[in-house]
Every structure is written in C-alpha cells, then in structure tokens.
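Remarks on the structure that follows.
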Amino acid sequence: MSLLEAFPMPQLSAEAYAGLMPFLTLGVGATIALVLSATSRGRVLGMLTTLATILISALQLRVFPAATVEIGGVLSVDALTHVLFLMLHLAALFGVLLLSSQDKRENLPAEVYPLVGYALAGMGLLVSSRHLLFQFIALEILSLAIYVLVAVRRTRPASAEAGMKYFILGGLASALFLYGAALLFGATSTFDVREMATATPNMLKVAGFLLVTVGLLFKVGAFPFHGWVPDVYEGASLPVTGFMAAAVKIAAFFALIPVCQAALQDPMAKFPLTVLLAVSAGLTMAYGNVAALAQRGIKRLLAYSSIAHTGYLIVGVLAGGDSAPVGLYLLFYILSAMGAFACLQALIPDRDDAPIDALAGAGLARPVVAAMFTLFLFGMAGLPLTAGFIGKYLVFAAGVNAGLVPLVVVAVLTSVAGVYYYLRVVVTMYMKTAPAKTAAVPWQAGTAVVMGLCALFTLNWGLRPETVVKWFHSLW
Amino acid sequence: MLSTIVFLPLVAALLLPVIPLSLARRFAFGVSLLSLALAAKLWFDFDGSSAGFQFAEQVPWIPFLGIHYALGVDGIALPLVALTAFIAPIAWLGTWPAENPARPKFFLANVLLLQTGMYGTFLARDMFLFYFFWEVVLIPMFFLIGIWGGQNRVYATVKFFIYTMIGSLLMLVAIFWLAQQVYLQQGVPSTLMANMSQLQLAFDPAAPWTSPQALLFLAFTLAFVIKVPMVPFHTWLPDAHVQAPTIGSVFLAAVLLKMGTYGLIRISLPMFPEAALWAGPALQIMGVIGVLYGAFCAMAQDDFKKLVAYSSVSHMGYILVGLFSFNQIALAGSLYQMINHGIASAGLFLIVGFLYERLHTRDLNQFGSLAKKVPLMAVAFMVMTLSSVALPGTNGFVGEFTILLGTFQQQPVVAGLCGLGVIFGAVYALKAFQKVMLGPPSGAGEAVAAHGHGTAGHGHGAGHGHGHGDASHDDGHAVADLNGKELTAMVLLTAFVFIVGFFPETFFGASRVALETLHQTLATRLAP
C-alpha cells in the first residue's frame with residue numbers, strides 16, 4: 001500500500017485550490033523567511049520575504065474570484081472571508097513595516113517576521129472555518145505565534161512576563177474553547193457551527209455554546225476576561241502590540257460571530273447567551289473606559305481603551321443580523337490603532353513604559369507626527385472627520401435598530417470618558433511644554449509609511465465612507 | 001453659494017502653510033471679509049417672502065444610509081449666518097495687535113476651521129451633517145482655549161469639551177432612532193431633517209416619560225441647553241470664557257452659544273412640539289433661574305471677564321423663556337435676542353481684551369477713572385453696556401422687550417420675573433462700567449503697572465503678553481486709546497447696535513415669514 005493510498009489526495013476543484021492558495025503561499029513564504037532569517041542578514045531578508053509573501057497572498061486574494069467553496073469540510077471560503085482575510089493582511093503588512101523600523105533598536109531576532117506570517121495564516125484559517133475543531137487548531141497557530149512575538153524582546157524582563165501571562169491565560173481560553181467544542185460535538189454530533197444551529201436544543205448544547213463564547217471573549221479581551229490585556233500590551237514591543245490589538249481582534253471577533261449567530265438561533269441558548277454578551281458588553285465598556293481614565297502610562301491607556309472598543313464591538317455582535325458594522329468598525333480600528341502605535345514608535349521608540357507626560361511638547365517638536373496621532377486618537381474617540389466616527393455611528397445605529405437602546409446609551413456615555421482620556425493625550429502633546437530636550441529620533445521609513453497610509457484612509461473613509469460601507473454590506 | 005460660504009475658511013486654513021508668516025493674519029482677515037461679502041450677497045438675494053429653504057444644495061453623501069450633504073438657508077438660519085460673517089472680521093480687527101500668539105499659523109487655522117463648523121451647523125439640512133458640523137466646532141475651540149488660553153486653560157478646555165460631548169452623544173443616539181423610524185415609516189433611508197420632521201412620533205400626555213417623542217426631545221434638548229448654557233449646565237461657560245483668548249471668547253459668546261438655541265428652534269420645537277409643550281414650563285423656569293442667577297453671579301464678580309461670562313448666562317436665559325412661551329412675538333424675540341446678544345457680548349469681550357492687553361489685569365478693582373485716558377474706548381464700552389442692558393434705541397431692547405412682551409401674553413408671572421432680570425442686568429453692567437471707566441482713580445498708573453507685570457507672565461501663555469500696550473504705561477500713567485483697527489471694530493458694532501435698535505426690520509425683516517410659519521406649524525400641531 002502506497003502512501004497515496006493510505007492518505008488519498010482529496011479531489012479538489014480548481015476553485016478550492018484557488019481558495020487554498022493564499023494559505024499555502026503564507027505557509028511556504030513564512031517558512032522560507034524562517035530559513036532566511038538564520039542567515040547573517042536575517043532581519044533584512046526575513047523582512048523582505050515576509051513582506052513579499054503577504055503582498056503575494058493579498059494579490060491572490062484579489063485576483064482569484066471570491067467563489068464560495070467548501071474545502072474538505074473544514075474550510076468555507078467565500079467573499080466575506082476573503083475581505084476579512086484582506087483586512088488581516090493589511091494589519092500584518094503594517095505590523096511588518098513597523099517592525100522593520102524597530103527591530104534593530106530593540107535587538108529583536110529576525111524570526112519575528114516569519115512569526116507574523118504564521119500568525120496571519122492562523123488568523124485567516126480561523127475566520128475562514130466554521131468547523132470548531134479546525135478553528136481550535138487555527139486559534140492555536142495564531143496564538144503560539146503571538147505568544148512568541150510578545151515574549152521575544154530579549155532586553156526587557158517585562159516582555160517575558162507578558163508572554164508568560166498571555167500564554168497561561170491564552171491556554172486557559174483555548175481549553176475552554178476546546179471543552180465547549182467537545183460538549184457541542186457530544187450534543188449535536190457535528191463540529192460545524194452552521195449545523196449546530198438547527199440541531200435539537202438541549203442543556204449540553206447550551207453549556208457548549210457558552211464555553212466556546214467565553215473562550216473567544218478571552219481572546220478579544222472582554223470583561224471579566226480582560227486581565228491579560230494591559231500587561232501584554234505594555235510588555236510587547238510597539239509593532240507587536242499594534243498588530244495584536246488590530247489583527248487578533250478581527251480574527252477572534254469573526255470566530256465569535258458565527259458561534260453567536262448559531263447560539264442565538266437555539267431557543268434554549270438564546271437567553272443565557274444574550275445575557276452573557278449584554279452584561280459582558282456593558283461591563284467591558286464601563287470598565288475599559290473608567291480604568292483608562294486612571295492610567296498614567298500611554299501604552300496601558302491604549303490597552304484599556306482597546307478593552308473599551310471590545311465592548312462597543314460586542315454591542316455590534318449582539319445586534320446580530322448583518323455584522324457589516326462590526327467588520328467596518330474593525331477595519332477603521334486597524335487604521336486608528338496601528339496608526340497610533342506607529343506614532344508612538346515615531347515619538348518615543350525607546351520608552352514603552354513611558355508615562356503620558358513623555359509626549360509633552362510633541363505638538364511643537366514633531367508637528368506632523370503629533371497631528372497624525374491626534375487624528376488617530378480622535379478616530380478612536382469617534383469624533384467626526386475620522387473613519388472611527390463612521391464605525392461608531394454604524395455599530396451604535398445597528399444596536400439601536402436591534403432594540404438595544406439601553407446598551408447603546410451605556411456605550412455613548414462611557415465613550416465620553418473615552419473622549420476625556422484621548423483628549424488628555426492631545427492636551428499633553430499640545431498644551432504642556434517638554435521637560436527637557438529629548439534625543440532626536442532617526443527617520444523611520446516603515447513607520448512613516450504606516451502613519452501616512454493610516455492617516456490617509458482614516459480621513460478618506462471618514463469623509464467618503466459610501467464605497468466601503470456599501471461593499472461591506474454587500475458581503476453579508 | 002452656501003458650500004462656498006461653508007468651505008471657504010476651511011480651504012483658507014489648508015492654504016495657510018504656504019502663506020508667508022507675515023501675511024498670514026492679513027490673509028485670514030481677507031478670507032473673513034470675503035465670507036462677509038458672500039454672506040451679504042446671500043442676504044440681498046434671499047427672498048424674505050418664502051418660508052422654505054433657499055439656495056438649497058443636496059448631494060447624496062452616504063446614500064446607503066440615506067445621509068445627504070444638504071445645505072439650505074431660511075429666515076431663521078440667515079440672521080445667524082450673517083452674524084457669524086459679521087463677527088469674524090470684527091474679531092480679527094479687535095484682536096489684531098493684541099494676539100500675537102505662539103504658533104501663529106495653527107492659531108489662525110483653528111479660528112478658520114471654527115468658522116467652517118459654525119456656518120455648517122447653521123446651514124445643514126441633514127441631521128447627520130448637522131451633528132457632524134456641531135462636533136467639528138468643538139475641535140478648534142478645544143485647541144484655541146487649551147493652547148492659547150490663560151493659566152487654567154487645560155482644565156477649562158477639557159471641561160468645555162466633555163460637557164458638550166455628553167449632550168451631543170445622547171443626541172447621536174436620538175438621531176439613530178429617528179433614522180430608523182424614517183426607514184420604518186417612509187421606507188427610504190434618510191437623515192434629512194425634512195423627512196424626520198414628517199415622522200409620527202407618539203406622545204402620550206398620561207405617560208410622558210416613556211413616550212418616544214418625549215425621550216427624543218429630551219436627548220436633543222439636553223445637547224442644546226448645555227450649549228446655551230442653561231442653569232444648571234452652565235458651569236463650563238465661565239471657565240471657558242475666562243481662560244479663552246479674546247478671539248475665542250468673542251466667537252464663543254457671539255456664535256457658539258447660539259448653536260444651542262438654534263438647535264432648539266430648528267429641531268426641538270418643530271420636530272417634537274407636543275413634548276416641547278409638555279417640557280416647556282420646566283425649561284422656562286430654568287430660563288428664569290438662569291436670568292436671575294446669572295445676573296446675581298455677575299454682580300458678585302471682580303473679574304471683568306467672568307462678569308461678562310455670567311451676563312451671557314443671564315441673557316441667554318431670556319431666549320429659553322421666549323422659545324418655550326409658544327407665543328409668536330416671543331418666538332421672534334428669541335431670534336432677535338440671539339443676534340443682539342451676539343453683538344453685545346462680542347463687543348464686551350473685545351473691551352475686556354483691550355483692557356487686558358493694556359493693563360494686564362481683569363480685576364475690576366484695579367481699574368478706575370480710565371474714561372479720561374481712553375475716551376473712545378469709554379464710548380464704545382458705554383454703547384455695548386447700554387445694548388446689553390437693553391436700553392430703548394439699542395438692539396438689546398428689541399430682543400428683550402419682544403420676548404417679555406410676548407411671554408407676558410402667555411405667562412405673565414414668568415415675564416414679570418424676567419423683568420427683574422433686566423433691572424439686575426443694569427446693576428452689574430453699569431457697575432462694571434463705573435468701576436472701569438469712572439470711579440476713583442485707584443492707581444491705574446503704578447499700581448496697575450506693577451500688578452500687570454506680575455500677572456503678565458503666568459496670565460497669558462508663552463510668547464504673549466509683552467505686546468503693544470506695555471511700553472506706553474511703563475513710563476507713566478498713559479494708557480493707549482483704541483487704535484485704528486480696534487476703533488473700526490467697535491464702530492461697526494456700534495453701528496449695528498443703533499441701526500437694529502431703531503430699525504429692527506432692516507435686519508429681521510427677512511425672518512418674519514419663516515417665524516410666522518414656524519409658529520403656525522406649532523399652533524396647528526398643538527391645537528386641541
């Protein structure tokens with residue numbers, strides 16, 4: 001018996017291969033980058049290879065028609081997953097560009113680049129699958145890559161601590177997810193989320209749905225499963241924090257949405273799940289925003305603010321129906337969050353435990369960067385002119401349309417606190433004088449590209465959102 | 001036409017980086033003159049016999065959500081647009097030598113962006129666009145107070161921002177709700193105000209607190225009365241005014257506060273009439289409290305700028321009283337008062353600015369007997385004071401008298417209490433004039449000079465405070481009188497005070513039909 005007979009090659013259609021191509025490209029490209037990163041010019045080669053891999057994979061996503069195909073019963077690629085995967089590519093691209101400006105400064109090993117590639121592949125698999133067991137594997141691929149990325153800064157003990165914390169709590173989350181998946185399989189004899197929705201309701205199924213949801217809530221950093229977020233944000237290097245803040249959120253939210261949709265169709269699971277999500281959303285928004293008020297470190301402030309954004313997004317998930325608002329919110333969040341981390345990298349690259357006051361006087365000393373940082377902060381605060389405003393508008397409008405008016409009122413009131421702490425950063429930059437002459441920061445090409453692109457799209461989509469809004473709504 | 005008015009300042013702000021620094025201020029002033037010319041053309045082309053929107057522009061902006069870029073001007077928006085256009089060049093002229101701020105181009109850009117936001121708010125016919133401009137106004141004002149303000153500027157600017165934000169976010173939720181109702185009732189997504197005002201919104205007098213219309217009314221009205229500001233939401237105003245640079249105070253008092261009352265007259269009253277009638281008495285009472293409380297606070301102030309700020313609280317209270325009296329005359333009076341308060345408060349804040357520039361103090365007890373030294377300023381100050389206390393023959397009389405007259409027909413007690421406010425208003429305004437211009441010459445020479453130097457450093461931010469007037473009082477007792485630019489600014493304001501005071505129809509004639517129609521609509525909707 002030959003090997004091919006034992007493990008027969010599945011007969012895949014051309015469309016299925018086309019759907020698989022980006023994943024294959026990413027896997028192969030990241031592995032090449034991994035090999036190259038062991039060479040003497042590893043950082044440059046690893047960076048270029050990963051960059052090329054991401055671009056090729058993104059190109060494949062654009063070139064191949066976004067046909068709806070089921071691959072091997074575990075992957076379901078369609079137009080929607082294509083777009084989500086593209087968003088993840090955007091975040092990874094920004095992450096690599098930011099890393100390219102920061103790797104020497106922090107003495108990061110060249111392997112960070114392939115790790116971004118692997119994480120991207122894992123995230124893509126997670127959002128493209130409706131098969132819980134396969135999603136678990138994807139979740140592990142992306143999580144392991146991210147754990148290493150967080151812990152990889154050899155110069156800082158805080159980084160190792162953050163990596164360890166993330167690893168242990170992430171492991172707990174994965175275990176909950178897996179346990180929930182097992183219960184669901186026991187109750188419905190399937191791993192496919194879509195089939196679970198219509199299976200006979202019973203208590204086992206309810207418990208399974210709740211456990212899977214909690215596992216994913218861990219990953220998005222929702223209250224009360226948010227404990228790891230501030231430490232990990234603070235410990236990780238700036239590009240990694242930016243990448244993680246944006247990309248992990250996208251992947252985990254779009255793993256959460258199908259689960260929630262299935263559970264909300266189940267007459268028994270509907271009520272407990274709604275309560276879980278509503279309570280979690282309300283507390284996440286309140287806790288994230290209030291705790292951010294008390295922060296003195298800029299990275300911790302952004303960490304708590306990201307918890308608050310998770311809360312707004314859960315409102316969008318709970319609103320159900322078309323989850324285009326959540327997708328758009330996350331797209332705009334990539335821009336403002338990664339843009340903000342890029343600005344931090346441009347302003348204070350060496351001081352990641354920096355207090356907010358370290359930015360004092362930046363408005364005068366670095367007017368362009370400070371202006372862009374202000375734009376991104378206003379974007380996260382949801383002020384008009386920025387894409388962030390459109391995102392908030394859509395998510396909150398979806399909430400109101402779904403009858404979640406009290407939750408939306410909580411959201412807008414807590415986001416006033418958000419406005420306050422974002423303003424505090426702007427106030428520091430423009431209205432406080434720098435304590436002393438700070439060391440000049442060298443020109444960083446990668447950072448500049450990320451900042452420029454983020455600022456451009458934040459303004460563009462803030463003023464002319466029609467095209468992208470329509471596009472997203474056409475996907476669901 | 002309207003788009004040009006709205007976006008001309010924005011384009012100018014974007015051009016600023018390529019304008020040479022020495023010309024930048026003149027450029028900004030030139031732009032405001034051009035805006036004024038456009039507004040004047042709008043004024044003369046406006047057809048006062050029609051109540052509808054004119055010069056309407058409508059382009060789909062986000063068609064998917066029914067959001068339009070829709071502008072239009074009617075008899076209610078027109079005076080406010082004219083006020084904005086009129087105040088802008090005056091504000092530049094009146095602060096010309098005084099405000100030579102650090103980061104001058106950023107300063108100018110913020111003032112220009114502020115103008116775009118104000119024009120946009122008054123001209124928007126789409127609820128989303130209205131909200132958009134409403135929020136845009138916050139950003140330049142935030143920077144103006146926070147960067148170029150006084151000692152306590154950061155506290156003041158953040159307070160200003162947060163107060164306004166709380167109100168406007170609840171307004172945003174109400175906008176979502178209205179947009180959804182438009183879609184459900186009319187079948188098309190639209191955020192045009194015209195569509196929203198056609199909605200049938202349930203109001204149950206037996207259970208008002210749970211009626212959708214009442215909740216929507218409250219959400220919008222809270223946003224507006226914070227901006228007005230209505231007692232007890234007024235505490236941001238004295239802080240913001242005292243800390244703001246003069247040009248910021250002028251725009252804040254003259255135009256920004258009017259955005260609140262404009263919102264009431266444009267949205268709260270016509271869209272939710274039953275709820276407005278229900279909540280009207282409470283809002284009127286708050287208005288009366290504002291009139292009296294603002295006047296009492298103003299009487300107690302030693303800080304000249306704070307006195308003027310509290311007088312704004314008092315004078316804006318009349319507008320609330322007038323709007324919620326549901327009387328045609330008082331409704332018109334409210335619109336008049338919006339404009340007239342804009343003129344008088346702009347004038348008074350400019351005077352405060354002139355004095356501060358020359359003597360580096362705002363403490364009323366530090367002034368005295370200045371009328372002999374600065375006769376022109378004294379005359380200008382007197383005119384603004386008289387307008388503020390509503391002396392017949394000035395524009396202030398037109399507004400307050402009309403409000404009181406109309407309110408008296410409906411609610412005589414309320415009108416009577418407001419009448420007391422006029423008396424108290426005269427007390428504090430004349431007290432201020434007397435302490436500054438007359439009174440004992442409490443050492444406006446050495447004492448003020450010494451004090452002035454003490455405050456100059458920390459009172460005003462970096463790079464500001466050693467301007468023009470400094471040298472002239474160093475060597476003796478001379479205080480410079482108004483220079484040419486300042487005089488022009490004050491003469492223009494004075495002309496407005498008397499022309500509108502004697503011939504109110506010249507300015508408000510164009511609004512008559514719109515106000516009558518608004519009152520008709522309200523009367524029809526509220527007819528039992």
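Following the order of the structure tokens, chains are lettered A, B, ..., residues in each are numbered from 1, and ligands are numbered from 1.
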
Exercise for the section: For Gln284 (chain B), work out the shell of residues within 8 Å, counting only C-alpha atoms and skipping chain neighbours fewer than 5 positions away, then give it as a PyMOL selection string. Expected result: chain B and resi 320-322+324-325+414

Handout entry: Those of region 21-219 of chain B in DSSP alpha helix (DSSP H), formatted as a ChimeraX atom specification
Key = /B:21-45,77-94,104-123,127-148,153-186,193-197,212-219

Problem - Residues near Phe176 (chain B), cut-off 12 Å, only C-alpha atoms, skip fewer than 2 positions along chain, as a ChimeraX atom specification - result: /A:392-405,408-409 /B:65-67,127-128,131,169-174,178-183,189-191,196,216,219-220

Practice task
Find the spatial neighbours of region 33-48 of chain B, counting only C-alpha atoms, within a cut-off of 7 Å - ignore same-chain residues fewer than 2 positions away - and output them as a list in words.
Solution key: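 Close residues of region 33-48 of chain B: Ile5, Phe29, Gly30, Val31, Ser50, Gly75, Ala82, Ala85, Phe86, Pro89, Ala510, Ser511 and Val513 of chain B.
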
Handout entry: d(CA of Tyr262 (chain B), CA of Phe122 (chain B)) in Å
Key =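 Pair CA of Tyr262 (chain B) / CA of Phe122 (chain B) returns 7.5 Å.
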
Practice task
Return as a list in words the residues belonging to chain B that are within 8 Å of chain A, counting only C-alpha atoms.
Solution key: Trp61, Ile62, Pro63, Phe64, Phe132, Glu135, Val136, Gly146, Ile147, Val154, Val158, Ile162, Met165, Ile166, Leu169, Leu170, Val173, Phe176, Trp177 and Gln180 of chain B

Handout entry: Exercise: Ser474 (chain A) partners within 10 Å, only C-alpha atoms, chain neighbours under 5 positions left out, as a PyMOL selection string
Key = chain A and resi 79-80+322+324+468-469

What would the file look like if the residues just selected were written as a short mmCIF file (atom, residue, chain, number, x, y, z; two decimals), in the first residue's frame with N, CA and C atoms?
```cif
data_model
loop_
_atom_site.label_atom_id
_atom_site.label_comp_id
_atom_site.auth_asym_id
_atom_site.auth_seq_id
_atom_site.Cartn_x
_atom_site.Cartn_y
_atom_site.Cartn_z
N ALA A 79 -16.80 35.26 -0.27
CA ALA A 79 -16.44 36.67 -0.45
C ALA A 79 -16.17 37.34 0.89
N LEU A 80 -16.95 36.97 1.88
CA LEU A 80 -16.78 37.60 3.19
C LEU A 80 -15.43 37.25 3.82
N ASP A 322 -26.84 41.41 10.17
CA ASP A 322 -25.73 41.71 9.31
C ASP A 322 -24.58 42.21 10.18
N ALA A 324 -21.87 43.54 9.17
CA ALA A 324 -21.04 44.51 8.45
C ALA A 324 -20.56 45.65 9.33
N VAL A 468 -16.96 51.99 0.82
CA VAL A 468 -16.55 50.88 1.67
C VAL A 468 -17.75 50.35 2.47
N VAL A 469 -18.65 51.23 2.86
CA VAL A 469 -19.83 50.78 3.60
C VAL A 469 -20.69 49.88 2.72
#
```

Exercise for the section: Write out as an MDAnalysis selection string each polymer residue whose atoms come within 12 Å of Leu59 (chain A), counting only C-alpha atoms; drop sequence neighbours fewer than 5 positions from it. Expected result: chainID A and resid 18 21:22 25:26 52:54 64:65 82 85:86 89:90

I'd like the neighbourhood of Tyr155 (chain B) as a compact mmCIF listing (two decimals) with N, CA and C atoms, in the first residue's frame, where a residue qualifies if any of its atoms comes within 9 Å (using only C-alpha atoms), though same-chain residues fewer than 4 positions away should be ignored.
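Just written: around_9.txt:
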```txt
# COMPACT_ATOMS: atom_id res chain seq x y z
N GLY B 146 -7.22 75.66 24.84
CA GLY B 146 -6.20 74.85 25.50
C GLY B 146 -4.78 75.30 25.23
N LYS B 159 -13.08 70.67 30.25
CA LYS B 159 -14.44 70.76 30.80
C LYS B 159 -15.42 71.15 29.70
N PHE B 160 -15.03 72.13 28.93
CA PHE B 160 -15.87 72.58 27.81
C PHE B 160 -16.16 71.41 26.87
N ASP B 239 -15.65 79.24 33.06
CA ASP B 239 -14.28 78.76 32.94
C ASP B 239 -13.74 78.93 31.54
N ALA B 240 -14.55 78.51 30.57
CA ALA B 240 -14.09 78.59 29.19
C ALA B 240 -13.83 80.03 28.79
```

Problem - Separation of CA of Ile168 (chain A) from CA of Phe191 (chain A), in Å and rounded to one decimal - result: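 These atoms are spaced 25.7 Å apart.
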
Practice task
Find the residue from B:Tyr119, B:Phe53, B:Phe433, B:Trp96 that sits nearest to Ser3 (chain B); use only C-alpha atoms when measuring.
Solution key: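 The closest residue to Ser3 (chain B) is B:Tyr119.
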
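CA of Lys372 (chain B) is found 20.2 Å from CA of Thr494 (chain B).
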
Practice task
Choose the residue, out of B:Ala194, B:Val422, B:Ala432, B:Ala344, that has the smallest atom-to-atom separation from Asp363 (chain B); count only C-alpha atoms.
Solution key: B:Ala432

Handout entry: Nearest candidate to Phe218 (chain A) (options A:Thr190, A:Gln265, A:Ser174, A:Thr458; using only C-alpha atoms)
Key =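 So, comparing all the options, the nearest one is A:Ser174.
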